[in-house]
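Below is the file model.pdb, which contains PDB, C-alpha atoms, pLDDT in the B column.
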```
ATOM      1  CA  MET H   1      12.034 -31.307   7.885  1.00 45.00           C
ATOM      2  CA  ALA H   2      11.886 -28.924   4.953  1.00 53.00           C
ATOM      3  CA  ARG H   3      13.800 -25.700   5.407  1.00 63.00           C
ATOM      4  CA  ALA H   4      12.369 -22.351   4.377  1.00 70.00           C
ATOM      5  CA  PRO H   5      13.723 -21.172   1.021  1.00 81.00           C
ATOM      6  CA  SER H   6      16.729 -18.862   1.199  1.00 89.00           C
ATOM      7  CA  PRO H   7      18.322 -16.499  -1.339  1.00 91.00           C
ATOM      8  CA  ALA H   8      20.789 -18.104  -3.705  1.00 91.00           C
ATOM      9  CA  ALA H   9      24.500 -17.333  -3.384  1.00 92.00           C
ATOM     10  CA  VAL H  10      24.392 -14.902  -6.295  1.00 93.00           C
ATOM     11  CA  LEU H  11      22.147 -12.567  -4.261  1.00 93.00           C
ATOM     12  CA  LEU H  12      23.955 -13.133  -0.977  1.00 90.00           C
ATOM     13  CA  SER H  13      27.153 -11.998  -2.736  1.00 93.00           C
ATOM     14  CA  VAL H  14      25.782  -8.432  -2.555  1.00 96.00           C
ATOM     15  CA  HIS H  15      24.672  -6.488   0.510  1.00 97.00           C
ATOM     16  CA  ALA H  16      21.356  -5.014  -0.686  1.00 98.00           C
ATOM     17  CA  VAL H  17      18.785  -5.495  -3.446  1.00 98.00           C
ATOM     18  CA  VAL H  18      16.677  -2.932  -5.316  1.00 98.00           C
ATOM     19  CA  PHE H  19      13.544  -4.272  -7.012  1.00 98.00           C
ATOM     20  CA  ASP H  20      11.658  -2.632  -9.829  1.00 96.00           C
ATOM     21  CA  THR H  21       7.934  -2.771  -9.072  1.00 94.00           C
ATOM     22  CA  ASP H  22       5.790  -3.093 -12.217  1.00 89.00           C
ATOM     23  CA  GLY H  23       6.269  -6.499 -13.791  1.00 90.00           C
ATOM     24  CA  VAL H  24       8.743  -7.659 -11.144  1.00 96.00           C
ATOM     25  CA  ILE H  25       6.737  -7.429  -7.898  1.00 96.00           C
ATOM     26  CA  THR H  26       3.266  -6.510  -9.114  1.00 93.00           C
ATOM     27  CA  ASP H  27       1.556  -7.986 -12.163  1.00 92.00           C
ATOM     28  CA  SER H  28       0.665  -4.485 -13.285  1.00 86.00           C
ATOM     29  CA  ALA H  29       2.465  -4.369 -16.634  1.00 84.00           C
ATOM     30  CA  PRO H  30      -0.629  -5.555 -18.591  1.00 89.00           C
ATOM     31  CA  THR H  31      -2.716  -2.877 -16.874  1.00 91.00           C
ATOM     32  CA  HIS H  32      -0.157  -0.224 -17.792  1.00 90.00           C
ATOM     33  CA  ALA H  33      -0.012  -1.508 -21.374  1.00 94.00           C
ATOM     34  CA  ALA H  34      -3.807  -1.481 -21.723  1.00 95.00           C
ATOM     35  CA  ALA H  35      -3.976   2.089 -20.418  1.00 96.00           C
ATOM     36  CA  TRP H  36      -1.248   3.175 -22.816  1.00 96.00           C
ATOM     37  CA  LYS H  37      -3.108   1.539 -25.706  1.00 97.00           C
ATOM     38  CA  ILE H  38      -6.246   3.579 -25.005  1.00 97.00           C
ATOM     39  CA  ALA H  39      -4.224   6.781 -24.769  1.00 97.00           C
ATOM     40  CA  PHE H  40      -2.008   6.160 -27.794  1.00 97.00           C
ATOM     41  CA  ASP H  41      -4.665   4.727 -30.094  1.00 97.00           C
ATOM     42  CA  ALA H  42      -6.839   7.807 -29.589  1.00 96.00           C
ATOM     43  CA  CYS H  43      -3.892   9.834 -30.843  1.00 94.00           C
ATOM     44  CA  LEU H  44      -2.880   7.456 -33.640  1.00 96.00           C
ATOM     45  CA  ASP H  45      -6.430   7.407 -35.000  1.00 95.00           C
ATOM     46  CA  LEU H  46      -5.979  11.071 -35.916  1.00 94.00           C
ATOM     47  CA  HIS H  47      -3.022  10.272 -38.185  1.00 91.00           C
ATOM     48  CA  GLU H  48      -3.710   8.291 -41.349  1.00 90.00           C
ATOM     49  CA  GLY H  49      -1.705   5.133 -41.876  1.00 91.00           C
ATOM     50  CA  GLN H  50      -0.662   4.678 -38.258  1.00 95.00           C
ATOM     51  CA  PRO H  51      -1.113   1.100 -36.966  1.00 96.00           C
ATOM     52  CA  PRO H  52      -2.425   0.771 -33.416  1.00 97.00           C
ATOM     53  CA  PHE H  53      -0.202   0.529 -30.360  1.00 97.00           C
ATOM     54  CA  ASP H  54       1.054  -3.017 -29.759  1.00 96.00           C
ATOM     55  CA  GLU H  55       0.622  -3.914 -26.082  1.00 95.00           C
ATOM     56  CA  VAL H  56       3.545  -6.332 -26.194  1.00 90.00           C
ATOM     57  CA  GLU H  57       6.322  -5.058 -28.452  1.00 90.00           C
ATOM     58  CA  ASP H  58       5.594  -1.305 -28.427  1.00 95.00           C
ATOM     59  CA  TYR H  59       5.128  -1.404 -24.671  1.00 93.00           C
ATOM     60  CA  ARG H  60       8.343  -3.345 -24.066  1.00 87.00           C
ATOM     61  CA  ARG H  61      10.517  -1.280 -26.383  1.00 89.00           C
ATOM     62  CA  HIS H  62       9.261   2.249 -25.793  1.00 93.00           C
ATOM     63  CA  VAL H  63       7.401   2.729 -22.506  1.00 92.00           C
ATOM     64  CA  ASP H  64       8.118  -0.112 -20.072  1.00 86.00           C
ATOM     65  CA  GLY H  65      10.102   1.134 -17.092  1.00 80.00           C
ATOM     66  CA  ARG H  66      10.062   4.773 -18.166  1.00 86.00           C
ATOM     67  CA  SER H  67       8.264   7.706 -16.600  1.00 85.00           C
ATOM     68  CA  ARG H  68       4.915   8.561 -18.179  1.00 89.00           C
ATOM     69  CA  MET H  69       6.277  11.611 -19.970  1.00 92.00           C
ATOM     70  CA  ASP H  70       9.408   9.831 -21.201  1.00 92.00           C
ATOM     71  CA  GLY H  71       7.384   6.821 -22.339  1.00 93.00           C
ATOM     72  CA  ALA H  72       4.799   8.937 -24.153  1.00 96.00           C
ATOM     73  CA  ALA H  73       7.500  10.979 -25.878  1.00 95.00           C
ATOM     74  CA  ALA H  74       9.530   7.892 -26.849  1.00 95.00           C
ATOM     75  CA  PHE H  75       6.614   6.043 -28.413  1.00 96.00           C
ATOM     76  CA  LEU H  76       5.261   9.062 -30.287  1.00 96.00           C
ATOM     77  CA  ALA H  77       8.749   9.787 -31.623  1.00 96.00           C
ATOM     78  CA  SER H  78       9.021   6.164 -32.799  1.00 96.00           C
ATOM     79  CA  ARG H  79       5.973   6.813 -34.991  1.00 96.00           C
ATOM     80  CA  GLY H  80       7.330  10.134 -36.269  1.00 95.00           C
ATOM     81  CA  LEU H  81       4.692  12.162 -34.414  1.00 94.00           C
ATOM     82  CA  ALA H  82       6.090  15.481 -33.175  1.00 91.00           C
ATOM     83  CA  LEU H  83       3.466  16.626 -30.672  1.00 94.00           C
ATOM     84  CA  PRO H  84       4.203  19.696 -28.549  1.00 96.00           C
ATOM     85  CA  GLU H  85       5.175  18.860 -24.987  1.00 96.00           C
ATOM     86  CA  GLY H  86       2.323  20.888 -23.497  1.00 96.00           C
ATOM     87  CA  GLY H  87       1.959  22.035 -19.907  1.00 93.00           C
ATOM     88  CA  PRO H  88       1.458  20.287 -16.559  1.00 90.00           C
ATOM     89  CA  ASP H  89      -2.196  21.321 -16.446  1.00 91.00           C
ATOM     90  CA  ASP H  90      -3.103  19.816 -19.840  1.00 95.00           C
ATOM     91  CA  PRO H  91      -6.241  17.691 -19.474  1.00 95.00           C
ATOM     92  CA  PRO H  92      -6.269  14.108 -20.799  1.00 96.00           C
ATOM     93  CA  GLY H  93      -6.382  14.149 -24.578  1.00 95.00           C
ATOM     94  CA  THR H  94      -4.398  13.846 -27.804  1.00 94.00           C
ATOM     95  CA  GLY H  95      -3.025  17.314 -28.548  1.00 93.00           C
ATOM     96  CA  THR H  96       0.209  17.261 -26.537  1.00 96.00           C
ATOM     97  CA  VAL H  97       2.601  14.729 -25.038  1.00 96.00           C
ATOM     98  CA  ARG H  98       1.414  15.718 -21.562  1.00 96.00           C
ATOM     99  CA  ALA H  99      -2.221  15.284 -22.601  1.00 97.00           C
ATOM    100  CA  VAL H 100      -1.519  11.758 -23.878  1.00 97.00           C
ATOM    101  CA  ALA H 101       0.372  10.935 -20.672  1.00 95.00           C
ATOM    102  CA  ALA H 102      -2.505  12.320 -18.601  1.00 95.00           C
ATOM    103  CA  ARG H 103      -4.980  10.136 -20.514  1.00 97.00           C
ATOM    104  CA  LYS H 104      -2.865   7.101 -19.736  1.00 95.00           C
ATOM    105  CA  ASP H 105      -2.721   7.945 -16.036  1.00 93.00           C
ATOM    106  CA  GLU H 106      -6.475   8.507 -15.960  1.00 95.00           C
ATOM    107  CA  GLU H 107      -7.110   5.081 -17.494  1.00 95.00           C
ATOM    108  CA  PHE H 108      -4.571   3.302 -15.279  1.00 92.00           C
ATOM    109  CA  THR H 109      -5.922   4.875 -12.100  1.00 91.00           C
ATOM    110  CA  ARG H 110      -9.482   3.959 -13.032  1.00 93.00           C
ATOM    111  CA  SER H 111      -8.449   0.375 -13.727  1.00 92.00           C
ATOM    112  CA  ILE H 112      -6.504  -0.302 -10.510  1.00 87.00           C
ATOM    113  CA  ARG H 113      -9.259   1.229  -8.393  1.00 87.00           C
ATOM    114  CA  ALA H 114     -11.800  -1.077 -10.052  1.00 88.00           C
ATOM    115  CA  HIS H 115      -9.637  -4.228 -10.194  1.00 85.00           C
ATOM    116  CA  PRO H 116      -6.856  -4.797  -7.624  1.00 82.00           C
ATOM    117  CA  VAL H 117      -3.507  -5.685  -9.167  1.00 86.00           C
ATOM    118  CA  ALA H 118      -2.060  -9.111  -8.379  1.00 92.00           C
ATOM    119  CA  VAL H 119       1.513  -9.770  -7.252  1.00 95.00           C
ATOM    120  CA  TRP H 120       3.963 -12.366  -8.515  1.00 96.00           C
ATOM    121  CA  PRO H 121       4.153 -15.193  -5.938  1.00 97.00           C
ATOM    122  CA  GLY H 122       7.770 -16.086  -6.742  1.00 97.00           C
ATOM    123  CA  THR H 123       8.895 -12.520  -6.144  1.00 97.00           C
ATOM    124  CA  VAL H 124       7.007 -12.370  -2.859  1.00 97.00           C
ATOM    125  CA  ARG H 125       8.750 -15.555  -1.690  1.00 96.00           C
ATOM    126  CA  LEU H 126      12.103 -14.012  -2.582  1.00 97.00           C
ATOM    127  CA  LEU H 127      11.268 -10.741  -0.819  1.00 97.00           C
ATOM    128  CA  ARG H 128      10.328 -12.604   2.360  1.00 96.00           C
ATOM    129  CA  ALA H 129      13.482 -14.726   2.203  1.00 96.00           C
ATOM    130  CA  LEU H 130      15.680 -11.633   1.798  1.00 96.00           C
ATOM    131  CA  HIS H 131      13.824  -9.921   4.632  1.00 96.00           C
ATOM    132  CA  ASP H 132      14.329 -12.963   6.877  1.00 95.00           C
ATOM    133  CA  ALA H 133      18.036 -12.988   5.936  1.00 94.00           C
ATOM    134  CA  ARG H 134      18.229  -9.299   6.987  1.00 95.00           C
ATOM    135  CA  VAL H 135      19.256  -8.168   3.506  1.00 96.00           C
ATOM    136  CA  PRO H 136      18.147  -4.527   3.018  1.00 97.00           C
ATOM    137  CA  ILE H 137      15.689  -4.278   0.128  1.00 98.00           C
ATOM    138  CA  ALA H 138      14.138  -1.326  -1.679  1.00 98.00           C
ATOM    139  CA  ALA H 139      11.394  -0.928  -4.259  1.00 98.00           C
ATOM    140  CA  ALA H 140      11.905   1.579  -7.051  1.00 97.00           C
ATOM    141  CA  SER H 141       9.448   2.599  -9.730  1.00 93.00           C
ATOM    142  CA  ALA H 142       8.794   5.432 -12.157  1.00 88.00           C
ATOM    143  CA  SER H 143       5.082   5.017 -11.376  1.00 88.00           C
ATOM    144  CA  ARG H 144       3.493   7.313  -8.811  1.00 88.00           C
ATOM    145  CA  HIS H 145       1.130   4.434  -7.933  1.00 89.00           C
ATOM    146  CA  ALA H 146       3.877   2.037  -6.776  1.00 91.00           C
ATOM    147  CA  THR H 147       3.571   2.695  -3.041  1.00 93.00           C
ATOM    148  CA  GLU H 148      -0.210   2.398  -3.238  1.00 89.00           C
ATOM    149  CA  LEU H 149       0.064  -0.963  -5.017  1.00 90.00           C
ATOM    150  CA  LEU H 150       2.619  -2.328  -2.558  1.00 94.00           C
ATOM    151  CA  ALA H 151       0.507  -1.226   0.394  1.00 91.00           C
ATOM    152  CA  GLY H 152      -2.573  -2.829  -1.161  1.00 87.00           C
ATOM    153  CA  ALA H 153      -0.644  -6.105  -1.478  1.00 91.00           C
ATOM    154  CA  ASP H 154       0.458  -5.891   2.181  1.00 93.00           C
ATOM    155  CA  LEU H 155       4.128  -5.876   1.177  1.00 96.00           C
ATOM    156  CA  LEU H 156       5.225  -2.394   2.215  1.00 96.00           C
ATOM    157  CA  ASP H 157       6.650  -3.524   5.582  1.00 96.00           C
ATOM    158  CA  LEU H 158       9.198  -5.732   3.814  1.00 97.00           C
ATOM    159  CA  PHE H 159      11.041  -2.751   2.337  1.00 98.00           C
ATOM    160  CA  THR H 160      13.638  -0.583   3.993  1.00 97.00           C
ATOM    161  CA  ALA H 161      12.981   2.102   1.367  1.00 97.00           C
ATOM    162  CA  VAL H 162      10.583   2.864  -1.485  1.00 97.00           C
ATOM    163  CA  VAL H 163      11.345   5.379  -4.223  1.00 97.00           C
ATOM    164  CA  ASP H 164       8.251   5.822  -6.396  1.00 95.00           C
ATOM    165  CA  GLY H 165       7.265   8.264  -9.113  1.00 91.00           C
ATOM    166  CA  ASN H 166       6.105  10.834  -6.566  1.00 92.00           C
ATOM    167  CA  GLU H 167       9.549  10.847  -4.963  1.00 95.00           C
ATOM    168  CA  ALA H 168      11.255  10.917  -8.362  1.00 94.00           C
ATOM    169  CA  ARG H 169       9.250  13.997  -9.304  1.00 91.00           C
ATOM    170  CA  ARG H 170       9.907  15.692  -5.959  1.00 95.00           C
ATOM    171  CA  LEU H 171      13.653  15.096  -6.250  1.00 96.00           C
ATOM    172  CA  GLU H 172      13.631  15.859 -10.009  1.00 95.00           C
ATOM    173  CA  LEU H 173      15.289  12.531 -10.784  1.00 95.00           C
ATOM    174  CA  PRO H 174      15.712  11.782 -14.498  1.00 94.00           C
ATOM    175  CA  GLY H 175      13.935   8.678 -15.745  1.00 90.00           C
ATOM    176  CA  LYS H 176      15.390   5.352 -16.825  1.00 92.00           C
ATOM    177  CA  PRO H 177      17.688   4.459 -18.527  1.00 94.00           C
ATOM    178  CA  ASP H 178      19.348   7.066 -16.305  1.00 96.00           C
ATOM    179  CA  PRO H 179      20.248   5.201 -13.077  1.00 97.00           C
ATOM    180  CA  ALA H 180      19.156   8.027 -10.730  1.00 97.00           C
ATOM    181  CA  LEU H 181      16.072   6.191  -9.424  1.00 97.00           C
ATOM    182  CA  PHE H 182      18.114   3.125  -8.477  1.00 98.00           C
ATOM    183  CA  THR H 183      21.052   5.061  -7.067  1.00 98.00           C
ATOM    184  CA  GLU H 184      18.657   7.021  -4.829  1.00 98.00           C
ATOM    185  CA  ALA H 185      17.213   3.715  -3.591  1.00 98.00           C
ATOM    186  CA  ALA H 186      20.713   2.393  -2.839  1.00 98.00           C
ATOM    187  CA  ARG H 187      21.554   5.643  -1.049  1.00 98.00           C
ATOM    188  CA  ARG H 188      18.516   5.212   1.189  1.00 98.00           C
ATOM    189  CA  LEU H 189      19.606   1.665   1.958  1.00 98.00           C
ATOM    190  CA  GLY H 190      23.040   2.969   2.914  1.00 98.00           C
ATOM    191  CA  VAL H 191      24.838   0.524   0.613  1.00 98.00           C
ATOM    192  CA  PRO H 192      27.237   1.422  -2.249  1.00 98.00           C
ATOM    193  CA  VAL H 193      25.871   0.649  -5.712  1.00 98.00           C
ATOM    194  CA  GLY H 194      28.762  -1.756  -6.332  1.00 98.00           C
ATOM    195  CA  ASP H 195      27.483  -3.886  -3.451  1.00 98.00           C
ATOM    196  CA  THR H 196      23.819  -3.669  -4.512  1.00 98.00           C
ATOM    197  CA  ALA H 197      21.804  -5.782  -6.954  1.00 98.00           C
ATOM    198  CA  VAL H 198      19.030  -4.530  -9.230  1.00 98.00           C
ATOM    199  CA  VAL H 199      16.153  -6.811 -10.272  1.00 98.00           C
ATOM    200  CA  GLU H 200      14.361  -5.423 -13.312  1.00 97.00           C
ATOM    201  CA  ASP H 201      12.237  -6.600 -16.241  1.00 94.00           C
ATOM    202  CA  ALA H 202      12.325  -3.531 -18.497  1.00 91.00           C
ATOM    203  CA  LEU H 203      15.077  -2.917 -21.037  1.00 92.00           C
ATOM    204  CA  ALA H 204      15.416   0.690 -19.877  1.00 92.00           C
ATOM    205  CA  GLY H 205      15.684  -0.444 -16.261  1.00 94.00           C
ATOM    206  CA  VAL H 206      18.325  -3.087 -16.967  1.00 97.00           C
ATOM    207  CA  GLU H 207      20.316  -0.476 -18.859  1.00 96.00           C
ATOM    208  CA  ALA H 208      19.939   1.885 -15.887  1.00 97.00           C
ATOM    209  CA  GLY H 209      21.368  -0.749 -13.558  1.00 98.00           C
ATOM    210  CA  ARG H 210      24.353  -1.277 -15.818  1.00 98.00           C
ATOM    211  CA  ARG H 211      24.968   2.464 -16.286  1.00 98.00           C
ATOM    212  CA  GLY H 212      24.782   2.953 -12.527  1.00 98.00           C
ATOM    213  CA  GLY H 213      27.594   0.488 -11.857  1.00 98.00           C
ATOM    214  CA  PHE H 214      25.460  -1.863  -9.749  1.00 98.00           C
ATOM    215  CA  GLY H 215      27.228  -4.994  -8.595  1.00 98.00           C
ATOM    216  CA  LEU H 216      24.613  -7.349 -10.044  1.00 98.00           C
ATOM    217  CA  VAL H 217      21.882  -6.693 -12.610  1.00 98.00           C
ATOM    218  CA  VAL H 218      19.215  -9.400 -12.809  1.00 98.00           C
ATOM    219  CA  GLY H 219      16.881  -9.314 -15.792  1.00 97.00           C
ATOM    220  CA  VAL H 220      13.404 -10.814 -15.470  1.00 96.00           C
ATOM    221  CA  ASP H 221      11.989 -12.201 -18.710  1.00 95.00           C
ATOM    222  CA  ARG H 222       8.298 -13.042 -18.385  1.00 90.00           C
ATOM    223  CA  THR H 223       7.726 -12.956 -22.137  1.00 83.00           C
ATOM    224  CA  ASP H 224       7.370 -15.846 -24.550  1.00 72.00           C
ATOM    225  CA  SER H 225       9.523 -13.960 -27.054  1.00 76.00           C
ATOM    226  CA  PRO H 226      12.687 -15.758 -28.161  1.00 75.00           C
ATOM    227  CA  ASP H 227      14.424 -12.373 -28.145  1.00 86.00           C
ATOM    228  CA  GLY H 228      13.398 -11.404 -24.606  1.00 89.00           C
ATOM    229  CA  ALA H 229      16.353 -12.804 -22.652  1.00 92.00           C
ATOM    230  CA  GLY H 230      18.827 -11.780 -25.336  1.00 93.00           C
ATOM    231  CA  ASP H 231      17.561  -8.212 -25.343  1.00 93.00           C
ATOM    232  CA  LEU H 232      17.910  -8.019 -21.557  1.00 95.00           C
ATOM    233  CA  ARG H 233      21.488  -9.304 -21.720  1.00 95.00           C
ATOM    234  CA  ARG H 234      22.377  -6.868 -24.504  1.00 95.00           C
ATOM    235  CA  HIS H 235      21.068  -4.013 -22.366  1.00 95.00           C
ATOM    236  CA  GLY H 236      23.250  -5.046 -19.440  1.00 96.00           C
ATOM    237  CA  ALA H 237      21.761  -7.947 -17.456  1.00 97.00           C
ATOM    238  CA  ASP H 238      24.356 -10.187 -15.813  1.00 97.00           C
ATOM    239  CA  LEU H 239      21.846 -13.026 -15.665  1.00 95.00           C
ATOM    240  CA  VAL H 240      18.242 -13.508 -16.743  1.00 96.00           C
ATOM    241  CA  VAL H 241      15.546 -15.471 -14.905  1.00 96.00           C
ATOM    242  CA  ALA H 242      11.957 -16.248 -15.829  1.00 95.00           C
ATOM    243  CA  ASP H 243      10.846 -15.294 -12.314  1.00 96.00           C
ATOM    244  CA  PRO H 244      12.692 -13.793  -9.307  1.00 97.00           C
ATOM    245  CA  GLY H 245      11.596 -16.849  -7.333  1.00 96.00           C
ATOM    246  CA  ASP H 246      14.183 -18.757  -9.365  1.00 96.00           C
ATOM    247  CA  LEU H 247      16.787 -17.000  -7.206  1.00 96.00           C
ATOM    248  CA  LEU H 248      15.724 -19.059  -4.193  1.00 96.00           C
ATOM    249  CA  ILE H 249      17.225 -22.315  -3.016  1.00 90.00           C
ATOM    250  CA  THR H 250      15.432 -24.907  -0.924  1.00 71.00           C
ATOM    251  CA  GLY H 251      16.679 -27.831   1.067  1.00 57.00           C
ATOM    252  CA  GLU H 252      15.707 -30.647   3.367  1.00 48.00           C
ATOM    253  CA  ASP H 253      16.939 -31.189   6.926  1.00 45.00           C
TER
END
```
Take the structure in the file and give it back as structure tokens.
Amino acid sequence: MARAPSPAAVLLSVHAVVFDTDGVITDSAPTHAAAWKIAFDACLDLHEGQPPFDEVEDYRRHVDGRSRMDGAAAFLASRGLALPEGGPDDPPGTGTVRAVAARKDEEFTRSIRAHPVAVWPGTVRLLRALHDARVPIAAASASRHATELLAGADLLDLFTAVVDGNEARRLELPGKPDPALFTEAARRLGVPVGDTAVVEDALAGVEAGRRGGFGLVVGVDRTDSPDGAGDLRRHGADLVVADPGDLLITGED
């Protein structure tokens, strides 16, 4: 009789696991990237000689895993565009960093309400196996939509804790690559960071796990880029997998 899959020894060597959400649990990274492209390209079109936002490389290097404000500021700075920060009430637009970030959020919200975001089956299998093995697990995300997406996928009950962008803003946690988001998740799980694993696909998130002193940092490389796994390792991943489901083992009775 086939046994249910169980977590591999590398995960059972720690006492808790913190999962990033976008790109690791939910297949929402392309939706984020498309929303950023609309927001950034509207701004870039106002500046002669600026090529459009690249949904693969620009997204991966400058905005993936970061808060909206940090991602907007990082990408605009990479193009030499010094927009004023603006205020929290700036409407979606192109005149300030906050306006660009608001345009992105407007587009992303519209998209996920119109088209539900899928989840990665391998990650879901791993989450259920960890839950069955009574390993405490948390979801952490800079996105304020993370809890909504997890609830929509009927996964929320698997997590002992969720720290999303709303919580990060309430607690004034700095964004990745600062480890504050992950350390808050570990605190809620009641497990020291040295005994906790982080599973993350973004370069900034992997770096956050390493800076935070987490016992295991797993990079997830879903790209076809030959540099993807290497970049994750250089930013601090202890090991890199193509899918979190690769961290399962199966057997036969």
Problem - Contact residues around region 46-50 of chain H with only C-alpha atoms at 10 Å, ignoring same-chain residues under 4 positions, as a list in words - result: Asp41, Ala42, Arg79, Gly80, Leu81 and Thr94 of chain H
Exercise for the section: Point out the residue among H:Trp36, H:Phe159, H:Phe75, H:Trp120 with the least atom-to-atom distance to Asp105 (chain H), counting all atoms listed in the file. Expected result: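 Closest residue, counting all atoms listed in the file: H:Trp36.
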Exercise for the section: Run the PyMOL selection byres ((chain H and resi 238-248) around 8) on the file and write out the hits as a list in words. Expected result: Pro5, Ser6, Pro7, Ala8, Val10, Leu11, Val24, Pro121, Gly122, Thr123, Val124, Arg125, Leu126, Val199, Leu216, Val217, Val218, Gly219, Val220, Asp221, Arg222, Ala229, Leu232, Arg233, Gly236, Ala237, Ile249 and Thr250 of chain H
With region 52-67 of chain H as the partner and 12 Å as the cut-off, tabulate the residues of region 176-212 of chain H that qualify, each row holding the nearest pair of atoms and their distance in Å to one decimal, using all atoms listed in the file, sorted by chain and rising number, as CSV.
```
residue,atom,partner,partner_atom,distance
H:Lys176,CA,H:Arg66,CA,5.5
H:Pro177,CA,H:Arg66,CA,7.6
H:Asp178,CA,H:Arg66,CA,9.7
H:Pro179,CA,H:Arg66,CA,11.4
H:Leu181,CA,H:Arg66,CA,10.7
H:Phe182,CA,H:Gly65,CA,11.9
H:Glu200,CA,H:Gly65,CA,8.7
H:Asp201,CA,H:Gly65,CA,8.1
H:Ala202,CA,H:Gly65,CA,5.4
H:Leu203,CA,H:Arg61,CA,7.2
H:Ala204,CA,H:Gly65,CA,6.0
H:Gly205,CA,H:Gly65,CA,5.9
H:Val206,CA,H:Gly65,CA,9.2
H:Glu207,CA,H:Gly65,CA,10.5
H:Ala208,CA,H:Gly65,CA,9.9
H:Gly209,CA,H:Gly65,CA,12.0
```
Exercise for the section: Would you list the contacts of Ala73 (chain H) as an MDAnalysis selection string, taking every protein, DNA or RNA residue within 9 Å and counting only C-alpha atoms, but skipping same-chain residues closer than 6 positions in sequence? Expected result: chainID H and resid 62:63 82:83 85 97:98 101
Problem - Atomic distance CA of Gly212 (chain H) - CA of Ala185 (chain H), expressed in Å with one decimal - result: 11.7 Å
Practice task
Using CA of Asp157 (chain H) and CA of His15 (chain H) as the two end points, give the distance in Å to one decimal.
Solution key: 19.0 Å
Practice task
Between H:Arg169, H:Lys104, H:His235, H:Met69, single out the one closest to Gly87 (chain H), counting all atoms listed in the file.
Solution key: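 The answer is H:Met69, which sits nearest to Gly87 (chain H).
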Handout entry: Point-to-point distance from CA of Ala186 (chain H) to CA of Thr223 (chain H), Å rounded to tenths
Key = 27.9 Å
Could you write out as an mmCIF file with C-alpha atoms, keeping the file's coordinate frame the residues that the PyMOL selection byres ((chain H and resi 187) around 12) matches in the shown file?
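And here is the file that came out, out.cif:
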```cif
data_model
loop_
_atom_site.group_PDB
_atom_site.id
_atom_site.type_symbol
_atom_site.label_atom_id
_atom_site.label_comp_id
_atom_site.auth_asym_id
_atom_site.auth_seq_id
_atom_site.Cartn_x
_atom_site.Cartn_y
_atom_site.Cartn_z
ATOM 1 C CA ALA H 16 21.356 -5.014 -0.686
ATOM 2 C CA VAL H 17 18.785 -5.495 -3.446
ATOM 3 C CA VAL H 18 16.677 -2.932 -5.316
ATOM 4 C CA PRO H 136 18.147 -4.527 3.018
ATOM 5 C CA ILE H 137 15.689 -4.278 0.128
ATOM 6 C CA ALA H 138 14.138 -1.326 -1.679
ATOM 7 C CA THR H 160 13.638 -0.583 3.993
ATOM 8 C CA ALA H 161 12.981 2.102 1.367
ATOM 9 C CA VAL H 162 10.583 2.864 -1.485
ATOM 10 C CA VAL H 163 11.345 5.379 -4.223
ATOM 11 C CA ALA H 180 19.156 8.027 -10.730
ATOM 12 C CA LEU H 181 16.072 6.191 -9.424
ATOM 13 C CA PHE H 182 18.114 3.125 -8.477
ATOM 14 C CA THR H 183 21.052 5.061 -7.067
ATOM 15 C CA GLU H 184 18.657 7.021 -4.829
ATOM 16 C CA ALA H 185 17.213 3.715 -3.591
ATOM 17 C CA ALA H 186 20.713 2.393 -2.839
ATOM 18 C CA ARG H 188 18.516 5.212 1.189
ATOM 19 C CA LEU H 189 19.606 1.665 1.958
ATOM 20 C CA GLY H 190 23.040 2.969 2.914
ATOM 21 C CA VAL H 191 24.838 0.524 0.613
ATOM 22 C CA PRO H 192 27.237 1.422 -2.249
ATOM 23 C CA VAL H 193 25.871 0.649 -5.712
ATOM 24 C CA GLY H 194 28.762 -1.756 -6.332
ATOM 25 C CA ASP H 195 27.483 -3.886 -3.451
ATOM 26 C CA THR H 196 23.819 -3.669 -4.512
#
```
Handout entry: Hits from the PyMOL selection byres ((chain H and resi 31) around 12), listed as a VMD selection string
Key = chain H and resid 22 to 23 26 to 30 32 to 38 55 to 56 59 64 104 to 105 107 to 118
Practice task
Compare H:Asp45, H:Glu172, H:Glu106, H:Asp132 by their minimum atom-to-atom distance to Pro92 (chain H), counting all atoms listed in the file, and give me the closest one.
Solution key: H:Glu106
Completion exercise
Using all atoms listed in the file, the residue out of H:Val135, H:Ala39, H:Val119, H:Ile25 with shortest distance to Thr96 (chain H) is H:Ala39
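Here the question is which of H:Ala4, H:Gly228, H:Leu130, H:Asn166 gets nearest to Thr147 (chain H) using all atoms listed in the file, and that residue is H:Asn166.
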Problem - Minimum-distance residue to Arg68 (chain H), chosen among H:Ser13, H:Ala133, H:Ala102, H:Ala146 (using all atoms listed in the file) - result: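 Nearest candidate to Arg68 (chain H) out of H:Ser13, H:Ala133, H:Ala102, H:Ala146: H:Ala102.
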